[in-house]
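Text of start20.cif (mmCIF, C-alpha atoms; chains and numbers go by the auth columns) as supplied:
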data_coords
loop_
_atom_site.group_PDB
_atom_site.id
_atom_site.type_symbol
_atom_site.label_atom_id
_atom_site.label_comp_id
_atom_site.label_asym_id
_atom_site.label_seq_id
_atom_site.Cartn_x
_atom_site.Cartn_y
_atom_site.Cartn_z
_atom_site.B_iso_or_equiv
_atom_site.auth_seq_id
_atom_site.auth_asym_id
ATOM 1 C CA MET A 1 -57.515 -140.065 -94.126 0.00 1 A
ATOM 2 C CA GLU A 2 -58.823 -137.422 -96.519 0.00 2 A
ATOM 3 C CA LEU A 3 -57.450 -137.124 -100.051 0.00 3 A
ATOM 4 C CA PRO A 4 -55.320 -134.016 -100.595 0.00 4 A
ATOM 5 C CA PHE A 5 -56.872 -133.450 -104.058 0.00 5 A
ATOM 6 C CA LYS A 6 -60.256 -134.196 -105.595 0.00 6 A
ATOM 7 C CA LEU A 7 -60.273 -137.134 -108.034 0.00 7 A
ATOM 8 C CA TYR A 8 -62.372 -137.182 -111.192 0.00 8 A
ATOM 9 C CA LYS A 9 -64.749 -140.045 -112.058 0.00 9 A
ATOM 10 C CA HIS A 10 -62.445 -142.567 -113.784 0.00 10 A
ATOM 11 C CA HIS A 11 -59.176 -141.414 -112.231 0.00 11 A
ATOM 12 C CA LYS A 12 -57.961 -144.861 -111.182 0.00 12 A
ATOM 13 C CA SER A 13 -58.504 -146.631 -114.534 0.00 13 A
ATOM 14 C CA ASN A 14 -57.175 -143.646 -116.520 0.00 14 A
ATOM 15 C CA THR A 15 -54.108 -143.414 -114.302 0.00 15 A
ATOM 16 C CA LYS A 16 -53.365 -147.140 -114.729 0.00 16 A
ATOM 17 C CA TYR A 17 -53.702 -146.848 -118.501 0.00 17 A
ATOM 18 C CA ARG A 18 -51.481 -143.737 -118.626 0.00 18 A
ATOM 19 C CA TRP A 19 -48.766 -145.340 -116.503 0.00 19 A
ATOM 20 C CA GLU A 20 -48.778 -148.531 -118.588 0.00 20 A
ATOM 21 C CA SER A 21 -48.670 -146.579 -121.852 0.00 21 A
ATOM 22 C CA ARG A 22 -45.554 -144.768 -120.567 0.00 22 A
ATOM 23 C CA GLY A 23 -43.777 -148.073 -120.057 0.00 23 A
ATOM 24 C CA MET A 24 -44.213 -148.515 -116.310 0.00 24 A
ATOM 25 C CA ILE A 25 -44.377 -152.160 -115.303 0.00 25 A
ATOM 26 C CA PHE A 26 -46.278 -153.447 -112.253 0.00 26 A
ATOM 27 C CA THR A 27 -48.486 -156.309 -111.095 0.00 27 A
ATOM 28 C CA PRO A 28 -52.139 -155.628 -110.162 0.00 28 A
ATOM 29 C CA GLU A 29 -51.158 -155.768 -106.477 0.00 29 A
ATOM 30 C CA GLU A 30 -48.244 -153.364 -107.003 0.00 30 A
ATOM 31 C CA PHE A 31 -50.557 -150.989 -108.894 0.00 31 A
ATOM 32 C CA GLU A 32 -52.988 -150.870 -105.962 0.00 32 A
ATOM 33 C CA GLU A 33 -50.174 -150.114 -103.516 0.00 33 A
ATOM 34 C CA ILE A 34 -48.510 -147.491 -105.744 0.00 34 A
ATOM 35 C CA TYR A 35 -51.813 -145.857 -106.720 0.00 35 A
ATOM 36 C CA ASN A 36 -52.907 -145.463 -103.090 0.00 36 A
ATOM 37 C CA LYS A 37 -49.522 -144.019 -102.183 0.00 37 A
ATOM 38 C CA TYR A 38 -49.739 -141.684 -105.218 0.00 38 A
ATOM 39 C CA ILE A 39 -53.224 -140.276 -104.540 0.00 39 A
ATOM 40 C CA TYR A 40 -52.360 -139.509 -100.917 0.00 40 A
ATOM 41 C CA ALA A 41 -48.948 -137.976 -101.680 0.00 41 A
ATOM 42 C CA THR A 42 -48.668 -134.332 -100.641 0.00 42 A
ATOM 43 C CA ASN A 43 -44.883 -133.829 -100.900 0.00 43 A
ATOM 44 C CA CYS A 44 -42.040 -134.816 -103.219 0.00 44 A
ATOM 45 C CA GLU A 45 -40.257 -137.891 -101.828 0.00 45 A
ATOM 46 C CA LEU A 46 -36.864 -136.480 -102.819 0.00 46 A
ATOM 47 C CA CYS A 47 -36.886 -132.756 -101.989 0.00 47 A
ATOM 48 C CA ASP A 48 -40.012 -132.629 -99.769 0.00 48 A
ATOM 49 C CA VAL A 49 -41.569 -129.720 -101.710 0.00 49 A
ATOM 50 C CA LEU A 50 -45.360 -129.467 -101.275 0.00 50 A
ATOM 51 C CA PHE A 51 -47.496 -130.338 -104.328 0.00 51 A
ATOM 52 C CA PRO A 52 -49.762 -127.277 -104.845 0.00 52 A
ATOM 53 C CA LYS A 53 -51.996 -129.200 -107.301 0.00 53 A
ATOM 54 C CA SER A 54 -52.464 -132.864 -108.149 0.00 54 A
ATOM 55 C CA ILE A 55 -50.907 -132.258 -111.566 0.00 55 A
ATOM 56 C CA ASN A 56 -47.598 -131.411 -109.866 0.00 56 A
ATOM 57 C CA ARG A 57 -47.153 -135.030 -108.725 0.00 57 A
ATOM 58 C CA GLN A 58 -45.146 -137.235 -111.070 0.00 58 A
ATOM 59 C CA LEU A 59 -44.341 -140.907 -110.880 0.00 59 A
ATOM 60 C CA ASP A 60 -40.621 -141.398 -111.412 0.00 60 A
ATOM 61 C CA HIS A 61 -39.657 -144.653 -113.110 0.00 61 A
ATOM 62 C CA CYS A 62 -36.666 -146.200 -114.833 0.00 62 A
ATOM 63 C CA HIS A 63 -37.057 -145.722 -118.583 0.00 63 A
ATOM 64 C CA LYS A 64 -35.033 -148.868 -119.278 0.00 64 A
ATOM 65 C CA THR A 65 -36.737 -151.351 -116.926 0.00 65 A
ATOM 66 C CA GLY A 66 -40.130 -149.712 -116.305 0.00 66 A
ATOM 67 C CA LYS A 67 -39.605 -150.043 -112.536 0.00 67 A
ATOM 68 C CA ILE A 68 -41.349 -147.362 -110.476 0.00 68 A
ATOM 69 C CA ARG A 69 -39.137 -145.496 -108.005 0.00 69 A
ATOM 70 C CA ASN A 70 -40.692 -142.405 -106.379 0.00 70 A
ATOM 71 C CA ILE A 71 -43.505 -139.875 -106.375 0.00 71 A
ATOM 72 C CA VAL A 72 -41.711 -136.645 -107.174 0.00 72 A
ATOM 73 C CA CYS A 73 -42.062 -133.028 -108.295 0.00 73 A
ATOM 74 C CA GLN A 74 -41.314 -132.063 -111.896 0.00 74 A
ATOM 75 C CA LYS A 75 -37.875 -130.654 -111.066 0.00 75 A
ATOM 76 C CA CYS A 76 -36.722 -133.842 -109.349 0.00 76 A
ATOM 77 C CA ASN A 77 -38.137 -135.978 -112.162 0.00 77 A
ATOM 78 C CA GLN A 78 -36.240 -133.977 -114.783 0.00 78 A
ATOM 79 C CA ARG A 79 -32.984 -134.292 -112.823 0.00 79 A
ATOM 80 C CA LYS A 80 -32.995 -138.081 -113.168 0.00 80 A
ATOM 81 C CA GLN A 81 -30.163 -139.347 -115.364 0.00 81 A
ATOM 82 C CA ASP A 82 -32.184 -141.891 -117.353 0.00 82 A
ATOM 83 C CA ASN A 83 -34.296 -139.149 -118.959 0.00 83 A
ATOM 84 C CA LYS A 84 -31.334 -138.913 -121.354 0.00 84 A
ATOM 85 C CA THR A 85 -32.468 -142.291 -122.738 0.00 85 A
ATOM 86 C CA TRP A 86 -34.359 -140.490 -125.491 0.00 86 A
ATOM 87 C CA LYS A 87 -31.262 -138.828 -126.944 0.00 87 A
ATOM 88 C CA GLU A 88 -28.588 -141.375 -126.156 0.00 88 A
ATOM 89 C CA THR A 89 -28.962 -145.129 -125.733 0.00 89 A
ATOM 90 C CA ASN A 90 -32.349 -146.729 -125.251 0.00 90 A
ATOM 91 C CA ASN A 91 -34.108 -150.054 -125.704 0.00 91 A
ATOM 92 C CA THR A 92 -34.139 -149.866 -129.531 0.00 92 A
ATOM 93 C CA GLY A 93 -30.607 -148.654 -130.215 0.00 93 A
ATOM 94 C CA GLU A 94 -32.084 -145.802 -132.276 0.00 94 A
ATOM 95 C CA LYS A 95 -31.723 -142.119 -131.380 0.00 95 A
ATOM 96 C CA TYR A 96 -35.015 -140.477 -130.216 0.00 96 A
ATOM 97 C CA ILE A 97 -36.984 -143.771 -130.428 0.00 97 A
ATOM 98 C CA CYS A 98 -38.064 -145.963 -127.522 0.00 98 A
ATOM 99 C CA LYS A 99 -40.166 -149.131 -127.375 0.00 99 A
ATOM 100 C CA VAL A 100 -43.086 -148.656 -124.974 0.00 100 A
ATOM 101 C CA LYS A 101 -45.799 -150.930 -123.631 0.00 101 A
ATOM 102 C CA ASN A 102 -49.170 -150.047 -125.195 0.00 102 A
ATOM 103 C CA LYS A 103 -52.320 -152.198 -125.132 0.00 103 A
ATOM 104 C CA ARG A 104 -53.866 -150.331 -128.079 0.00 104 A
ATOM 105 C CA TYR A 105 -51.533 -152.264 -130.375 0.00 105 A
ATOM 106 C CA LYS A 106 -52.091 -155.974 -131.018 0.00 106 A
ATOM 107 C CA GLN A 107 -48.486 -156.850 -130.166 0.00 107 A
ATOM 108 C CA GLY A 108 -48.798 -155.011 -126.797 0.00 108 A
ATOM 109 C CA TYR A 109 -46.189 -152.353 -127.554 0.00 109 A
ATOM 110 C CA CYS A 110 -45.315 -149.615 -130.012 0.00 110 A
ATOM 111 C CA PHE A 111 -42.430 -147.294 -130.764 0.00 111 A
ATOM 112 C CA GLN A 112 -42.476 -143.734 -129.474 0.00 112 A
ATOM 113 C CA ILE A 113 -40.574 -140.997 -131.248 0.00 113 A
ATOM 114 C CA ARG A 114 -39.774 -138.086 -128.936 0.00 114 A
ATOM 115 C CA ILE A 115 -37.678 -135.069 -129.901 0.00 115 A
ATOM 116 C CA MET A 116 -37.295 -132.167 -127.507 0.00 116 A
ATOM 117 C CA ARG A 117 -35.898 -128.687 -128.018 0.00 117 A
ATOM 118 C CA ASN A 118 -35.266 -126.231 -125.148 0.00 118 A
ATOM 119 C CA GLY A 119 -37.209 -128.458 -122.761 0.00 119 A
ATOM 120 C CA LYS A 120 -40.322 -128.649 -124.977 0.00 120 A
ATOM 121 C CA ARG A 121 -41.541 -131.607 -126.971 0.00 121 A
ATOM 122 C CA ILE A 122 -41.548 -130.750 -130.649 0.00 122 A
ATOM 123 C CA LEU A 123 -42.270 -134.298 -131.833 0.00 123 A
ATOM 124 C CA ASN A 124 -43.997 -136.965 -129.768 0.00 124 A
ATOM 125 C CA THR A 125 -45.727 -139.699 -131.725 0.00 125 A
ATOM 126 C CA LEU A 126 -46.338 -143.465 -131.669 0.00 126 A
ATOM 127 C CA LYS A 127 -45.780 -145.944 -134.503 0.00 127 A
ATOM 128 C CA LYS A 128 -46.554 -149.665 -134.745 0.00 128 A
ATOM 129 C CA THR A 129 -43.194 -150.743 -136.160 0.00 129 A
ATOM 130 C CA LEU A 130 -39.621 -149.642 -135.601 0.00 130 A
ATOM 131 C CA GLU A 131 -39.266 -149.098 -139.358 0.00 131 A
ATOM 132 C CA ASP A 132 -42.218 -146.665 -139.381 0.00 132 A
ATOM 133 C CA ALA A 133 -40.782 -144.848 -136.346 0.00 133 A
ATOM 134 C CA ILE A 134 -37.378 -144.492 -138.033 0.00 134 A
ATOM 135 C CA LEU A 135 -39.046 -143.142 -141.194 0.00 135 A
ATOM 136 C CA VAL A 136 -41.011 -140.508 -139.221 0.00 136 A
ATOM 137 C CA ARG A 137 -37.933 -139.503 -137.219 0.00 137 A
ATOM 138 C CA ASP A 138 -35.673 -139.238 -140.278 0.00 138 A
ATOM 139 C CA THR A 139 -38.259 -137.247 -142.251 0.00 139 A
ATOM 140 C CA PHE A 140 -38.761 -134.866 -139.340 0.00 140 A
ATOM 141 C CA LEU A 141 -35.014 -134.355 -138.856 0.00 141 A
ATOM 142 C CA ARG A 142 -34.499 -133.725 -142.593 0.00 142 A
ATOM 143 C CA GLU A 143 -37.260 -131.089 -142.529 0.00 143 A
ATOM 144 C CA HIS A 144 -35.872 -129.531 -139.308 0.00 144 A
ATOM 145 C CA PRO A 145 -32.054 -129.484 -139.595 0.00 145 A
ATOM 146 C CA GLU A 146 -31.821 -127.015 -136.683 0.00 146 A
ATOM 147 C CA ILE A 147 -32.388 -129.973 -134.307 0.00 147 A
ATOM 148 C CA TYR A 148 -28.755 -130.989 -134.783 0.00 148 A
ATOM 149 C CA SER A 149 -27.385 -127.475 -134.281 0.00 149 A
#
Please lay out the structure from this file as structure tokens.
Amino acid sequence: MELPFKLYKHHKSNTKYRWESRGMIFTPEEFEEIYNKYIYATNCELCDVLFPKSINRQLDHCHKTGKIRNIVCQKCNQRKQDNKTWKETNNTGEKYICKVKNKRYKQGYCFQIRIMRNGKRILNTLKKTLEDAILVRDTFLREHPEIYS
């Protein structure tokens, strides 16, 4: 079967790294299965819309457990309830901060600060410790009081 989109040179290794850095959890065997399903996907598994470009495919996963669920379009991915994790409860108990798996850090994880406004990310950064993440978040919110309005 022919691929629906052309893949660049290191697509597989870059995709694995990107998924892991976003907190998705899988075994090597599960990665192979999911990756092959992903690269051949032509339609959203939820609404069946056609993906016009490869960038339109998104891998939906639970932000609390890291479990992968579906290959979806952007609209279906944004409709998922657990995207609210960033503003409400999450795995750190801190607003706008989430612990994510990241091999670049010695401990294997870091803390991501993500603040969105009108559907756009206005702060998205990684910190090694929860204390550093809280400091960055609090400083940003003090300098941008309109976030709470």
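Going from CA of Lys127 (chain A) over to CA of Phe111 (chain A), you cover 5.2 Å.
Considering only C-alpha atoms, the residue among A:Asn56, A:Thr65, A:Asn102, A:Thr139 positioned nearest to Arg18 (chain A) is A:Asn102.
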* 8 Å contact set for Leu46 (chain A), only C-alpha atoms, chain neighbours under 5 positions out, as a ChimeraX atom specification -> /A:70,72,76
* To do: Would you mind listing what lies within 9 Å of Tyr35 (chain A) as number ranges by chain, with all atoms listed in the file counted and same-chain residues fewer than 6 positions away left out?
  => A: 12, 15-16
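Put simply, CA of Gly108 (chain A) is 27.0 Å away from CA of Lys37 (chain A).
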* To do: Take the PyMOL selection byres ((chain A and resi 38) around 10), apply it to the structure above, and return the hits as number ranges by chain.
  => A: 32-37, 39-42, 54, 57-59, 70-72
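Candidate residues A:Thr125, A:Asn43, A:Gln112, A:Gln74 were compared for distance to Cys98 (chain A), and the nearest is A:Gln112, using only C-alpha atoms.
With all atoms listed in the file as the atoms that count, the residue of A:Gly119, A:Pro4, A:Gly66, A:Pro145 with the shortest distance to Glu20 (chain A) is A:Gly66.
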Written coordinates, N, CA and C atoms of region 92-141 of chain A as a PDB file, in the first residue's frame:
ATOM      1  N   THR A  92       0.318  17.742  38.455  1.00  0.00           N
ATOM      2  CA  THR A  92       1.158  18.429  39.434  1.00  0.00           C
ATOM      3  C   THR A  92       0.324  19.144  40.487  1.00  0.00           C
ATOM      4  N   GLY A  93      -0.953  19.326  40.236  1.00  0.00           N
ATOM      5  CA  GLY A  93      -1.798  20.073  41.159  1.00  0.00           C
ATOM      6  C   GLY A  93      -1.638  21.578  41.004  1.00  0.00           C
ATOM      7  N   GLU A  94      -0.839  22.012  40.051  1.00  0.00           N
ATOM      8  CA  GLU A  94      -0.589  23.436  39.818  1.00  0.00           C
ATOM      9  C   GLU A  94      -1.281  23.875  38.528  1.00  0.00           C
ATOM     10  N   LYS A  95      -1.911  25.033  38.554  1.00  0.00           N
ATOM     11  CA  LYS A  95      -2.560  25.582  37.367  1.00  0.00           C
ATOM     12  C   LYS A  95      -1.527  25.873  36.282  1.00  0.00           C
ATOM     13  N   TYR A  96      -1.813  25.484  35.035  1.00  0.00           N
ATOM     14  CA  TYR A  96      -0.998  25.741  33.842  1.00  0.00           C
ATOM     15  C   TYR A  96       0.314  24.959  33.800  1.00  0.00           C
ATOM     16  N   ILE A  97       0.564  24.037  34.723  1.00  0.00           N
ATOM     17  CA  ILE A  97       1.821  23.290  34.747  1.00  0.00           C
ATOM     18  C   ILE A  97       1.526  21.798  34.711  1.00  0.00           C
ATOM     19  N   CYS A  98       2.254  21.075  33.861  1.00  0.00           N
ATOM     20  CA  CYS A  98       2.063  19.637  33.743  1.00  0.00           C
ATOM     21  C   CYS A  98       3.428  18.951  33.678  1.00  0.00           C
ATOM     22  N   LYS A  99       3.548  17.820  34.332  1.00  0.00           N
ATOM     23  CA  LYS A  99       4.777  17.027  34.292  1.00  0.00           C
ATOM     24  C   LYS A  99       4.741  16.188  33.013  1.00  0.00           C
ATOM     25  N   VAL A 100       5.812  16.265  32.213  1.00  0.00           N
ATOM     26  CA  VAL A 100       5.847  15.526  30.957  1.00  0.00           C
ATOM     27  C   VAL A 100       7.133  14.714  30.846  1.00  0.00           C
ATOM     28  N   LYS A 101       7.036  13.580  30.185  1.00  0.00           N
ATOM     29  CA  LYS A 101       8.185  12.724  29.950  1.00  0.00           C
ATOM     30  C   LYS A 101       9.123  13.424  28.966  1.00  0.00           C
ATOM     31  N   ASN A 102      10.414  13.477  29.268  1.00  0.00           N
ATOM     32  CA  ASN A 102      11.364  14.144  28.378  1.00  0.00           C
ATOM     33  C   ASN A 102      12.758  13.573  28.629  1.00  0.00           C
ATOM     34  N   LYS A 103      13.321  12.910  27.628  1.00  0.00           N
ATOM     35  CA  LYS A 103      14.623  12.254  27.777  1.00  0.00           C
ATOM     36  C   LYS A 103      15.792  13.232  27.799  1.00  0.00           C
ATOM     37  N   ARG A 104      15.562  14.486  27.445  1.00  0.00           N
ATOM     38  CA  ARG A 104      16.643  15.478  27.477  1.00  0.00           C
ATOM     39  C   ARG A 104      17.062  15.807  28.910  1.00  0.00           C
ATOM     40  N   TYR A 105      16.194  15.513  29.867  1.00  0.00           N
ATOM     41  CA  TYR A 105      16.495  15.783  31.263  1.00  0.00           C
ATOM     42  C   TYR A 105      16.924  14.490  31.951  1.00  0.00           C
ATOM     43  N   LYS A 106      17.939  14.597  32.807  1.00  0.00           N
ATOM     44  CA  LYS A 106      18.515  13.431  33.472  1.00  0.00           C
ATOM     45  C   LYS A 106      17.458  12.588  34.181  1.00  0.00           C
ATOM     46  N   GLN A 107      16.502  13.246  34.836  1.00  0.00           N
ATOM     47  CA  GLN A 107      15.480  12.513  35.580  1.00  0.00           C
ATOM     48  C   GLN A 107      14.413  11.902  34.671  1.00  0.00           C
ATOM     49  N   GLY A 108      14.450  12.188  33.354  1.00  0.00           N
ATOM     50  CA  GLY A 108      13.510  11.586  32.404  1.00  0.00           C
ATOM     51  C   GLY A 108      12.207  12.337  32.240  1.00  0.00           C
ATOM     52  N   TYR A 109      12.060  13.462  32.909  1.00  0.00           N
ATOM     53  CA  TYR A 109      10.847  14.271  32.793  1.00  0.00           C
ATOM     54  C   TYR A 109      11.192  15.722  33.086  1.00  0.00           C
ATOM     55  N   CYS A 110      10.246  16.585  32.780  1.00  0.00           N
ATOM     56  CA  CYS A 110      10.374  18.009  33.104  1.00  0.00           C
ATOM     57  C   CYS A 110       8.967  18.554  33.339  1.00  0.00           C
ATOM     58  N   PHE A 111       8.889  19.835  33.587  1.00  0.00           N
ATOM     59  CA  PHE A 111       7.600  20.465  33.846  1.00  0.00           C
ATOM     60  C   PHE A 111       7.327  21.489  32.753  1.00  0.00           C
ATOM     61  N   GLN A 112       6.183  21.342  32.107  1.00  0.00           N
ATOM     62  CA  GLN A 112       5.814  22.223  31.007  1.00  0.00           C
ATOM     63  C   GLN A 112       4.805  23.244  31.502  1.00  0.00           C
ATOM     64  N   ILE A 113       5.105  24.511  31.202  1.00  0.00           N
ATOM     65  CA  ILE A 113       4.182  25.588  31.522  1.00  0.00           C
ATOM     66  C   ILE A 113       3.508  25.979  30.216  1.00  0.00           C
ATOM     67  N   ARG A 114       2.178  25.905  30.188  1.00  0.00           N
ATOM     68  CA  ARG A 114       1.446  26.253  28.966  1.00  0.00           C
ATOM     69  C   ARG A 114       0.275  27.156  29.339  1.00  0.00           C
ATOM     70  N   ILE A 115       0.285  28.367  28.764  1.00  0.00           N
ATOM     71  CA  ILE A 115      -0.823  29.299  28.969  1.00  0.00           C
ATOM     72  C   ILE A 115      -1.335  29.686  27.592  1.00  0.00           C
ATOM     73  N   MET A 116      -2.651  29.563  27.422  1.00  0.00           N
ATOM     74  CA  MET A 116      -3.257  29.868  26.132  1.00  0.00           C
ATOM     75  C   MET A 116      -4.240  31.009  26.291  1.00  0.00           C
ATOM     76  N   ARG A 117      -4.387  31.769  25.230  1.00  0.00           N
ATOM     77  CA  ARG A 117      -5.332  32.893  25.200  1.00  0.00           C
ATOM     78  C   ARG A 117      -5.981  32.909  23.824  1.00  0.00           C
ATOM     79  N   ASN A 118      -7.293  32.844  23.763  1.00  0.00           N
ATOM     80  CA  ASN A 118      -8.042  32.834  22.495  1.00  0.00           C
ATOM     81  C   ASN A 118      -7.551  31.735  21.548  1.00  0.00           C
ATOM     82  N   GLY A 119      -7.255  30.570  22.111  1.00  0.00           N
ATOM     83  CA  GLY A 119      -6.840  29.431  21.308  1.00  0.00           C
ATOM     84  C   GLY A 119      -5.392  29.451  20.858  1.00  0.00           C
ATOM     85  N   LYS A 120      -4.606  30.428  21.272  1.00  0.00           N
ATOM     86  CA  LYS A 120      -3.196  30.517  20.886  1.00  0.00           C
ATOM     87  C   LYS A 120      -2.315  30.397  22.117  1.00  0.00           C
ATOM     88  N   ARG A 121      -1.200  29.684  21.944  1.00  0.00           N
ATOM     89  CA  ARG A 121      -0.254  29.570  23.044  1.00  0.00           C
ATOM     90  C   ARG A 121       0.497  30.881  23.198  1.00  0.00           C
ATOM     91  N   ILE A 122       0.448  31.442  24.387  1.00  0.00           N
ATOM     92  CA  ILE A 122       1.206  32.665  24.640  1.00  0.00           C
ATOM     93  C   ILE A 122       2.393  32.392  25.554  1.00  0.00           C
ATOM     94  N   LEU A 123       2.391  31.226  26.198  1.00  0.00           N
ATOM     95  CA  LEU A 123       3.560  30.782  26.968  1.00  0.00           C
ATOM     96  C   LEU A 123       3.590  29.266  26.893  1.00  0.00           C
ATOM     97  N   ASN A 124       4.711  28.725  26.454  1.00  0.00           N
ATOM     98  CA  ASN A 124       4.888  27.288  26.348  1.00  0.00           C
ATOM     99  C   ASN A 124       6.367  27.009  26.549  1.00  0.00           C
ATOM    100  N   THR A 125       6.738  26.630  27.759  1.00  0.00           N
ATOM    101  CA  THR A 125       8.151  26.438  28.059  1.00  0.00           C
ATOM    102  C   THR A 125       8.347  25.257  29.002  1.00  0.00           C
ATOM    103  N   LEU A 126       9.560  24.714  29.033  1.00  0.00           N
ATOM    104  CA  LEU A 126       9.901  23.572  29.870  1.00  0.00           C
ATOM    105  C   LEU A 126      10.878  23.995  30.960  1.00  0.00           C
ATOM    106  N   LYS A 127      10.720  23.436  32.145  1.00  0.00           N
ATOM    107  CA  LYS A 127      11.635  23.688  33.257  1.00  0.00           C
ATOM    108  C   LYS A 127      11.964  22.369  33.942  1.00  0.00           C
ATOM    109  N   LYS A 128      13.169  22.272  34.496  1.00  0.00           N
ATOM    110  CA  LYS A 128      13.643  21.041  35.119  1.00  0.00           C
ATOM    111  C   LYS A 128      12.895  20.718  36.406  1.00  0.00           C
ATOM    112  N   THR A 129      12.608  21.727  37.208  1.00  0.00           N
ATOM    113  CA  THR A 129      11.953  21.473  38.497  1.00  0.00           C
ATOM    114  C   THR A 129      10.583  22.145  38.555  1.00  0.00           C
ATOM    115  N   LEU A 130       9.735  21.618  39.406  1.00  0.00           N
ATOM    116  CA  LEU A 130       8.413  22.206  39.600  1.00  0.00           C
ATOM    117  C   LEU A 130       8.546  23.621  40.160  1.00  0.00           C
ATOM    118  N   GLU A 131       9.512  23.828  41.044  1.00  0.00           N
ATOM    119  CA  GLU A 131       9.723  25.154  41.633  1.00  0.00           C
ATOM    120  C   GLU A 131      10.068  26.190  40.553  1.00  0.00           C
ATOM    121  N   ASP A 132      10.953  25.810  39.622  1.00  0.00           N
ATOM    122  CA  ASP A 132      11.303  26.720  38.520  1.00  0.00           C
ATOM    123  C   ASP A 132      10.090  27.015  37.641  1.00  0.00           C
ATOM    124  N   ALA A 133       9.286  25.979  37.387  1.00  0.00           N
ATOM    125  CA  ALA A 133       8.080  26.146  36.559  1.00  0.00           C
ATOM    126  C   ALA A 133       7.087  27.098  37.232  1.00  0.00           C
ATOM    127  N   ILE A 134       6.912  26.945  38.538  1.00  0.00           N
ATOM    128  CA  ILE A 134       5.995  27.821  39.281  1.00  0.00           C
ATOM    129  C   ILE A 134       6.492  29.261  39.238  1.00  0.00           C
ATOM    130  N   LEU A 135       7.805  29.454  39.383  1.00  0.00           N
ATOM    131  CA  LEU A 135       8.391  30.796  39.334  1.00  0.00           C
ATOM    132  C   LEU A 135       8.144  31.451  37.973  1.00  0.00           C
ATOM    133  N   VAL A 136       8.379  30.716  36.882  1.00  0.00           N
ATOM    134  CA  VAL A 136       8.155  31.255  35.535  1.00  0.00           C
ATOM    135  C   VAL A 136       6.685  31.594  35.339  1.00  0.00           C
ATOM    136  N   ARG A 137       5.804  30.672  35.727  1.00  0.00           N
ATOM    137  CA  ARG A 137       4.364  30.910  35.585  1.00  0.00           C
ATOM    138  C   ARG A 137       3.918  32.143  36.363  1.00  0.00           C
ATOM    139  N   ASP A 138       4.316  32.224  37.636  1.00  0.00           N
ATOM    140  CA  ASP A 138       3.891  33.343  38.483  1.00  0.00           C
ATOM    141  C   ASP A 138       4.415  34.674  37.977  1.00  0.00           C
ATOM    142  N   THR A 139       5.668  34.697  37.514  1.00  0.00           N
ATOM    143  CA  THR A 139       6.251  35.919  36.953  1.00  0.00           C
ATOM    144  C   THR A 139       5.481  36.345  35.714  1.00  0.00           C
ATOM    145  N   PHE A 140       5.201  35.378  34.846  1.00  0.00           N
ATOM    146  CA  PHE A 140       4.467  35.683  33.613  1.00  0.00           C
ATOM    147  C   PHE A 140       3.077  36.238  33.939  1.00  0.00           C
ATOM    148  N   LEU A 141       2.379  35.602  34.868  1.00  0.00           N
ATOM    149  CA  LEU A 141       1.022  36.046  35.204  1.00  0.00           C
ATOM    150  C   LEU A 141       1.016  37.416  35.885  1.00  0.00           C
TER     151      LEU A 141
END
